[in-house]
Amino acid sequence: MVNVSCRWLQGWSRKRLQPGGNTGIGKATALHLARKGARVILACRNRAKAEAAIADIQQETGSTDVLYMHLDLASLKSVRCFTENFLKAESRLDLLINNAGLVADGRTEDGFGIQFGVNHLGHFLLTCLLLERLKEAGGGRVVTLSSMAHRWGHIDFEALAANRHLGTGRYSWQFFQAYCNSKLCNVLFTHELAKRLKGTSVTCYSLHPGVVRTELSRHVSLWQKIFIEPVAQLLFLDPKAGAQTTLHCALQEGIEPLSGRYFACCTEQEVCAKARDDAVARKLWEVSERLCGLS
């Protein structure tokens with residue numbers, strides 16, 4: 001159940017930075033929350049797409065409490081600027097949905113691999129800078145979209161220290177591996193965050209939304225899209241269906257004891273050993289703090 005005074009924040013990129021409040025799962029999630037009466041803030045890079053999404057949401061729900069704020073998760077400076085503006089403007093935050101995710105090659109403004117920087121590091125800094133406001137609200141939640149692809153991920157801390165990325169390359173399999181690695185970071189981040197939130201009323205969850213037709217593959221080559229998109233039309237979930245597990249983790253009462261856990265199909269799922277490794281999760285947190293300038 002969503003309180004009508006609830007502020008929820010969704011991080012995204014190009015569609016999102018990811019994710020999307022302007023398209024896909026993010027937009028479907030925002031639509032549902034707006035319909036429930038929540039105050040919704042779409043934190044995104046592309047103003048035009050965000051405003052178009054807001055217009056659609058307002059038309060469908062009648063809500064006038066859906067807002068845009070600029071955020072580029074590929075820039076740690078932008079994340080800091082966004083949180084500073086948000087904390088000045090908004091006195092309450094009940095729900096943070098880290099929804100951004102992309103499959104691409106390249107570097108962020110700070111020189112990190114684009115998938116590590118956007119899919120993990122930007123969300124990490126955003127969450128850390130907003131934790132106190134979440135604690136003030138009481139009963140706040142952090143929901144981070146991962147993927148079943150985390151199963152194929154691996155975190156090479158030596159390579160990260162040397163190259164500032166967890167995989168790169170111009171071939172599809174190379175940046176897909178980097179995507180898997182970043183999604184493993186999402187699960188481990190949530191695992192460690194739950195430990196650090198013990199004793200507070202804030203809980204956190206990671207999830208696999210299902211294989212969803214979104215703009216996730218918008219950065220792949222034309223020939224890859226020609227193959228992917230017809231298959232997606234037949235086999236993949238539509239964004240509304242894909243948003244259900246996000247909404248479950250955001251709104252379902254009684255799941256607080258499952259803080260730190262991973263969900264799929266609106267149920268808790270066991271993860272493989274590397275996705276619940278306490279030592280790796282703690283080290284990823286500490287490395288992420290240093291890379292973000294928090295320690």
# chains A, B, ... in the order shown; residues from 1 in each chain; ligands from 1
$ select_by_dssp --residues "region 75-137 of chain A" --states "alpha helix (DSSP H)" --output "ChimeraX atom specification"
/A:76-89,114-115,123-137
$ select_by_dssp --residues "region 7-204 of chain A" --states "strand (DSSP E or B)" --output "MDAnalysis selection string"
chainID A and resid 7:11 16 18 39:44 66:70 95:98 107 113 141:145 203:204
$ atom_distance --atom1 "CA of Ala137 (chain A)" --atom2 "CA of Phe86 (chain A)"
14.7 Å
$ residues_around --residues "Cys204 (chain A)" --least-positions-apart "2" --cutoff "10 Å" --atoms "only C-alpha atoms" --output "ChimeraX atom specification"
/A:95-97,140-144,189-195,197,202,206,249-250,255-256,258-262
$ write_last_selection --atoms "C-alpha atoms" --output "short mmCIF file (atom, residue, chain, number, x, y, z; two decimals), in the first residue's frame"
data_model
loop_
_atom_site.label_atom_id
_atom_site.label_comp_id
_atom_site.auth_asym_id
_atom_site.auth_seq_id
_atom_site.Cartn_x
_atom_site.Cartn_y
_atom_site.Cartn_z
CA LEU A 95 11.02 4.76 -1.70
CA LEU A 96 14.13 4.79 -3.89
CA ILE A 97 13.94 2.64 -7.02
CA GLY A 140 11.73 3.46 3.71
CA ARG A 141 12.79 1.00 1.02
CA VAL A 142 15.56 0.78 -1.57
CA VAL A 143 14.69 -1.38 -4.59
CA THR A 144 17.46 -2.14 -7.08
CA PHE A 189 25.35 -4.13 -3.11
CA THR A 190 21.88 -4.95 -1.80
CA HIS A 191 23.26 -7.84 0.27
CA GLU A 192 25.77 -5.56 2.00
CA LEU A 193 23.37 -2.62 2.28
CA ALA A 194 20.94 -4.76 4.28
CA LYS A 195 23.68 -5.53 6.79
CA LEU A 197 20.82 -0.97 7.62
CA VAL A 202 14.88 0.98 6.11
CA SER A 206 17.22 -6.59 -5.48
CA CYS A 249 9.34 -5.21 -3.53
CA ALA A 250 8.26 -1.58 -3.26
CA ILE A 255 8.60 -8.63 3.47
CA GLU A 256 10.75 -6.53 5.80
CA LEU A 258 13.67 -10.45 3.80
CA SER A 259 15.73 -7.27 3.51
CA GLY A 260 18.80 -7.84 1.38
CA ARG A 261 17.26 -10.72 -0.53
CA TYR A 262 16.73 -11.21 -4.26
#
$ closest_residue --among "A:Leu184, A:Leu129, A:Ala149, A:Ala89" --to "Glu289 (chain A)" --atoms "only C-alpha atoms"
A:Leu129
$ closest_residue --among "A:Gly210, A:Gly138, A:Gly111, A:Gly169" --to "Asp94 (chain A)" --atoms "only C-alpha atoms"
A:Gly138
$ residues_around --residues "Ile57 (chain A)" --least-positions-apart "5" --cutoff "10 Å" --atoms "only C-alpha atoms" --output "PyMOL selection string"
chain A and resi 22+27-28+30-32+34-35+51-52+62-64+66
$ write_last_selection --atoms "N, CA and C atoms" --output "compact mmCIF listing (two decimals), in the first residue's frame"
# COMPACT_ATOMS: atom_id res chain seq x y z
N ASN A 22 11.07 7.16 -18.29
CA ASN A 22 10.42 7.65 -19.50
C ASN A 22 9.97 6.53 -20.40
N LYS A 27 8.66 3.47 -16.52
CA LYS A 27 7.43 4.21 -16.79
C LYS A 27 6.21 3.45 -16.27
N ALA A 28 6.20 2.14 -16.47
CA ALA A 28 5.08 1.33 -15.97
C ALA A 28 5.00 1.39 -14.44
N ALA A 30 6.17 3.91 -12.54
CA ALA A 30 5.74 5.27 -12.20
C ALA A 30 4.24 5.44 -12.38
N LEU A 31 3.71 4.87 -13.44
CA LEU A 31 2.28 4.96 -13.71
C LEU A 31 1.47 4.34 -12.58
N HIS A 32 1.88 3.17 -12.13
CA HIS A 32 1.17 2.49 -11.05
C HIS A 32 1.22 3.30 -9.77
N ALA A 34 1.79 6.53 -9.39
CA ALA A 34 1.03 7.76 -9.53
C ALA A 34 -0.46 7.50 -9.38
N ARG A 35 -0.91 6.38 -9.93
CA ARG A 35 -2.32 6.02 -9.82
C ARG A 35 -2.71 5.78 -8.36
N GLU A 51 9.63 14.42 -19.87
CA GLU A 51 8.41 15.23 -19.91
C GLU A 51 7.32 14.55 -20.73
N ALA A 52 7.72 13.84 -21.79
CA ALA A 52 6.74 13.08 -22.56
C ALA A 52 6.12 11.97 -21.72
N GLY A 62 -4.42 11.27 -14.10
CA GLY A 62 -4.95 12.53 -13.57
C GLY A 62 -4.06 13.15 -12.52
N SER A 63 -2.93 12.51 -12.21
CA SER A 63 -2.02 13.02 -11.18
C SER A 63 -1.25 14.23 -11.69
N THR A 64 -1.12 15.22 -10.83
CA THR A 64 -0.28 16.38 -11.12
C THR A 64 0.95 16.39 -10.22
N VAL A 66 3.67 14.32 -10.45
CA VAL A 66 4.75 13.58 -11.09
C VAL A 66 5.73 14.61 -11.65
